[in-house]
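**Q** See upload20.pdb below, with PDB, C-alpha atoms.
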ATOM      1  CA  MET R  26       0.000   0.000   0.000
ATOM      2  CA  GLN R  27       1.461   3.329  -1.042
ATOM      3  CA  ARG R  28       1.071   6.275   1.250
ATOM      4  CA  ASN R  29       1.805   9.546  -0.460
ATOM      5  CA  ARG R  30       3.096  12.029   2.122
ATOM      6  CA  GLY R  31       4.851  14.176  -0.427
ATOM      7  CA  PRO R  32       8.438  15.190  -0.979
ATOM      8  CA  VAL R  33      11.351  14.113   1.127
ATOM      9  CA  ASP R  34      12.605  16.298   3.969
ATOM     10  CA  GLU R  35      16.194  16.981   4.997
ATOM     11  CA  VAL R  36      16.486  13.856   7.204
ATOM     12  CA  ASP R  37      15.240  11.712   4.291
ATOM     13  CA  ARG R  38      17.781  13.397   1.993
ATOM     14  CA  GLU R  39      20.603  12.601   4.411
ATOM     15  CA  ILE R  40      19.478   8.980   4.707
ATOM     16  CA  ILE R  41      19.456   8.690   0.910
ATOM     17  CA  ARG R  42      22.898  10.329   0.622
ATOM     18  CA  LEU R  43      24.375   7.853   3.102
ATOM     19  CA  LEU R  44      22.780   4.880   1.342
ATOM     20  CA  GLN R  45      24.019   6.150  -2.029
ATOM     21  CA  ARG R  46      27.584   6.100  -0.714
ATOM     22  CA  ASP R  47      27.154   2.598   0.717
ATOM     23  CA  GLY R  48      23.865   0.745   0.384
ATOM     24  CA  ARG R  49      24.989  -1.659   3.117
ATOM     25  CA  THR R  50      25.160   1.035   5.791
ATOM     26  CA  SER R  51      23.244  -0.212   8.825
ATOM     27  CA  ASN R  52      20.275   1.639  10.258
ATOM     28  CA  THR R  53      22.242   2.000  13.491
ATOM     29  CA  ASP R  54      25.161   3.675  11.705
ATOM     30  CA  ILE R  55      22.817   6.006   9.827
ATOM     31  CA  ALA R  56      21.026   6.874  13.071
ATOM     32  CA  ARG R  57      24.347   7.613  14.771
ATOM     33  CA  ALA R  58      25.485   9.833  11.885
ATOM     34  CA  LEU R  59      22.225  11.778  11.868
ATOM     35  CA  GLU R  60      21.814  11.811  15.651
ATOM     36  CA  VAL R  61      18.351  10.222  15.603
ATOM     37  CA  THR R  62      17.060   6.852  16.791
ATOM     38  CA  GLU R  63      17.444   3.621  14.858
ATOM     39  CA  THR R  64      13.648   3.288  14.900
ATOM     40  CA  THR R  65      13.341   6.654  13.147
ATOM     41  CA  ILE R  66      15.734   5.494  10.431
ATOM     42  CA  ARG R  67      14.006   2.124  10.017
ATOM     43  CA  LYS R  68      10.583   3.776   9.684
ATOM     44  CA  ARG R  69      11.824   6.440   7.283
ATOM     45  CA  ILE R  70      13.563   3.919   5.012
ATOM     46  CA  ALA R  71      10.409   1.773   5.029
ATOM     47  CA  ARG R  72       8.339   4.827   4.054
ATOM     48  CA  LEU R  73      10.758   5.841   1.287
ATOM     49  CA  ILE R  74      10.559   2.333  -0.146
ATOM     50  CA  ASP R  75       6.792   2.053   0.376
ATOM     51  CA  GLU R  76       6.186   5.350  -1.424
ATOM     52  CA  ASP R  77       8.477   4.246  -4.277
ATOM     53  CA  LEU R  78      10.897   7.106  -3.620
ATOM     54  CA  VAL R  79      13.964   4.843  -3.358
ATOM     55  CA  ASN R  80      14.992   1.333  -4.277
ATOM     56  CA  VAL R  81      17.639  -0.477  -2.280
ATOM     57  CA  VAL R  82      19.153  -3.189  -4.467
ATOM     58  CA  ALA R  83      22.389  -4.984  -5.259
ATOM     59  CA  VAL R  84      23.336  -4.441  -8.892
ATOM     60  CA  PRO R  85      25.822  -6.922 -10.326
ATOM     61  CA  THR R  86      28.253  -5.511 -12.824
ATOM     62  CA  PRO R  87      27.981  -6.948 -16.345
ATOM     63  CA  ARG R  88      31.480  -8.382 -15.870
ATOM     64  CA  ALA R  89      30.155 -10.519 -12.983
ATOM     65  CA  VAL R  90      28.093 -12.506 -15.492
ATOM     66  CA  GLY R  91      30.707 -12.563 -18.263
ATOM     67  CA  MET R  92      29.383  -9.645 -20.286
ATOM     68  CA  THR R  93      32.410  -7.515 -21.081
ATOM     69  CA  LEU R  94      31.159  -5.647 -24.165
ATOM     70  CA  SER R  95      28.623  -2.849 -23.804
ATOM     71  CA  ALA R  96      26.746  -0.960 -26.488
ATOM     72  CA  ILE R  97      24.239   1.799 -26.948
ATOM     73  CA  ILE R  98      21.805   0.986 -29.743
ATOM     74  CA  GLY R  99      19.581   3.593 -31.374
ATOM     75  CA  ILE R 100      16.569   1.925 -32.972
ATOM     76  CA  SER R 101      14.143   3.318 -35.533
ATOM     77  CA  VAL R 102      10.698   1.738 -35.699
ATOM     78  CA  GLN R 103       7.410   2.151 -37.490
ATOM     79  CA  LEU R 104       5.470   4.241 -34.990
ATOM     80  CA  PRO R 105       2.501   1.847 -34.700
ATOM     81  CA  SER R 106       5.024  -0.783 -33.521
ATOM     82  CA  LEU R 107       6.710   1.428 -30.921
ATOM     83  CA  GLN R 108       5.029  -0.063 -27.855
ATOM     84  CA  ALA R 109       5.335  -3.690 -29.025
ATOM     85  CA  VAL R 110       9.023  -3.323 -29.911
ATOM     86  CA  SER R 111       9.909  -1.600 -26.621
ATOM     87  CA  GLU R 112       8.055  -4.281 -24.635
ATOM     88  CA  ARG R 113       9.906  -7.058 -26.478
ATOM     89  CA  LEU R 114      13.289  -5.385 -25.906
ATOM     90  CA  VAL R 115      12.619  -5.238 -22.153
ATOM     91  CA  ALA R 116      12.418  -9.051 -22.118
ATOM     92  CA  TYR R 117      15.924  -9.632 -23.549
ATOM     93  CA  GLN R 118      18.532 -10.511 -20.914
ATOM     94  CA  GLU R 119      21.228  -8.482 -22.699
ATOM     95  CA  VAL R 120      19.216  -5.275 -22.399
ATOM     96  CA  ARG R 121      19.685  -3.172 -19.256
ATOM     97  CA  TYR R 122      17.938   0.029 -20.334
ATOM     98  CA  VAL R 123      15.141   0.818 -22.789
ATOM     99  CA  GLY R 124      14.063   4.393 -23.378
ATOM    100  CA  VAL R 125      11.385   5.541 -25.800
ATOM    101  CA  ALA R 126      12.777   8.762 -27.225
ATOM    102  CA  THR R 127      12.281  11.707 -29.518
ATOM    103  CA  GLY R 128      14.825  12.715 -32.110
ATOM    104  CA  ARG R 129      16.935  10.600 -34.424
ATOM    105  CA  TYR R 130      15.898   7.279 -32.839
ATOM    106  CA  ASP R 131      12.574   6.098 -31.509
ATOM    107  CA  ILE R 132      14.105   3.779 -28.911
ATOM    108  CA  ILE R 133      17.486   3.933 -27.158
ATOM    109  CA  VAL R 134      18.845   0.707 -25.652
ATOM    110  CA  GLU R 135      21.852  -0.040 -23.470
ATOM    111  CA  ALA R 136      22.882  -3.676 -23.692
ATOM    112  CA  PHE R 137      25.748  -5.942 -22.605
ATOM    113  CA  PHE R 138      27.334  -8.824 -24.491
ATOM    114  CA  ASN R 139      29.884 -11.601 -23.947
ATOM    115  CA  ASP R 140      31.809 -10.693 -27.088
ATOM    116  CA  GLN R 141      31.416  -9.311 -30.616
ATOM    117  CA  GLU R 142      29.832 -12.551 -31.850
ATOM    118  CA  HIS R 143      27.157 -12.251 -29.147
ATOM    119  CA  LEU R 144      26.494  -8.645 -30.217
ATOM    120  CA  LEU R 145      26.258  -9.700 -33.871
ATOM    121  CA  GLN R 146      23.802 -12.482 -32.984
ATOM    122  CA  PHE R 147      21.682 -10.062 -30.947
ATOM    123  CA  VAL R 148      21.528  -7.409 -33.659
ATOM    124  CA  SER R 149      20.932  -9.799 -36.542
ATOM    125  CA  SER R 150      18.751 -12.499 -34.962
ATOM    126  CA  LYS R 151      16.887 -10.812 -32.131
ATOM    127  CA  LEU R 152      16.700  -7.140 -33.116
ATOM    128  CA  GLY R 153      16.498  -7.933 -36.830
ATOM    129  CA  ALA R 154      13.550 -10.269 -36.262
ATOM    130  CA  LEU R 155      11.381  -7.696 -34.488
ATOM    131  CA  GLU R 156       8.451  -6.631 -36.627
ATOM    132  CA  GLY R 157       8.368  -2.865 -37.046
ATOM    133  CA  VAL R 158      12.118  -2.240 -36.653
ATOM    134  CA  THR R 159      13.316  -0.205 -39.631
ATOM    135  CA  GLY R 160      16.896   0.504 -38.594
ATOM    136  CA  ALA R 161      19.471   0.415 -35.843
ATOM    137  CA  GLU R 162      22.783   2.086 -35.096
ATOM    138  CA  THR R 163      25.130   0.454 -32.619
ATOM    139  CA  SER R 164      27.809   2.344 -30.719
ATOM    140  CA  LEU R 165      30.308   0.344 -28.666
ATOM    141  CA  ILE R 166      31.326   1.717 -25.291
ATOM    142  CA  LEU R 167      35.128   1.631 -25.289
ATOM    143  CA  LYS R 168      35.652   3.008 -21.813
ATOM    144  CA  VAL R 169      33.320   4.113 -19.030
ATOM    145  CA  ALA R 170      34.590   7.440 -17.728
ATOM    146  CA  LYS R 171      31.844   7.790 -15.107
ATOM    147  CA  PHE R 172      29.185   5.484 -13.725
ATOM    148  CA  SER R 173      27.329   6.568 -10.628
ATOM    149  CA  TYR R 174      24.089   6.065  -8.782
ATOM    150  CA  GLU R 175      24.706   9.220  -6.774
ATOM    151  CA  TRP R 176      22.916  12.453  -7.613
ATOM    152  CA  GLU R 177      21.819  15.370  -5.533
ATOM    153  CA  ILE R 178      18.302  15.511  -4.233
ATOM    154  CA  PRO R 179      17.070  19.102  -4.143
TER
END
Could you rewrite the structure in this file as structure tokens?
**A**
Amino acid sequence: MQRNRGPVDEVDREIIRLLQRDGRTSNTDIARALEVTETTIRKRIARLIDEDLVNVVAVPTPRAVGMTLSAIIGISVQLPSLQAVSERLVAYQEVRYVGVATGRYDIIVEAFFNDQEHLLQFVSSKLGALEGVTGAETSLILKVAKFSYEWEIP
């Protein structure tokens, strides 16, 4: 059940900041840092999760599952097929991000692959088989200069 109490306050922001730095930080350590009770922290984290304001998850790196090649793929589709194509892309294990977009491409995908052969198979067999896809442009990520889950909450 979602309760909607509105935006986060300063204590919530500090809890989120601490969890962004280390998602394994204990409620006790957060309480100590913010000089409030552990019960306060536990209840606030529960509310933030309940209201879908934060997710606390472990995210394996692609390398952990043998996927060492990453790509951004811009996909053009026939507009009546936009929803069906995006829903199908979500189901592929290689795909980590699907965004319906405006501009040059209708859909932007971030995906991870074991090697170039895996990428080729994905583009030709999976992406190429989707009805409504009219084109795709693949850009390989050569080096990740920044990857972060941290961002400031106003």
**Q** For a quick check of your reading of the model, name the residues lying within 9 Å of the coordinate (21.6, 2.3, -25.9), counting only C-alpha atoms, and write them as a list of chain:residue names.
**A**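 Residues found, by chain and rising number: R:Ser95, R:Ala96, R:Ile97, R:Ile98, R:Gly99, R:Ile100, R:Val120, R:Arg121, R:Tyr122, R:Val123, R:Gly124, R:Ile132, R:Ile133, R:Val134, R:Glu135, R:Ala136, R:Thr163, R:Ser164.
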**Q** Let me make sure I understand: among R:Pro85, R:Leu155, R:Met92, R:Val61, which one has the smallest atom-to-atom distance to Glu112 of chain R if we use only C-alpha atoms?
**A**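 Closest residue, counting only C-alpha atoms: R:Leu155.
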**Q** Taking into account all atoms listed in the file, which residue in the set R:Arg129, R:Arg57, R:His143, R:Arg69 is nearest to Arg38 of chain R?
**A**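 Between R:Arg129, R:Arg57, R:His143, R:Arg69, the residue approaching Arg38 of chain R most closely is R:Arg69.
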**Q** Atom CA of Pro32 of chain R and atom CA of Val125 of chain R are how many Å apart?
**A**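 Those two atoms sit 26.8 Å apart.
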**Q** If I take atom CA of Phe147 of chain R and atom CA of Thr93 of chain R, how far is one from the other in Å, to one decimal?
**A**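 Atom CA of Thr93 of chain R lies at a distance of 14.8 Å from atom CA of Phe147 of chain R.
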**Q** Could you please determine the separation between atom CA of Glu142 of chain R and atom CA of Glu156 of chain R in Å, to one decimal place?
**A**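 These atoms are spaced 22.7 Å apart.
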**Q** Would you write out, as a VMD selection string, every residue that the PyMOL selection byres ((chain R and resi 83) around 12) captures in this file?
**A** chain R and resid 44 to 45 47 to 49 80 to 82 84 to 86 174
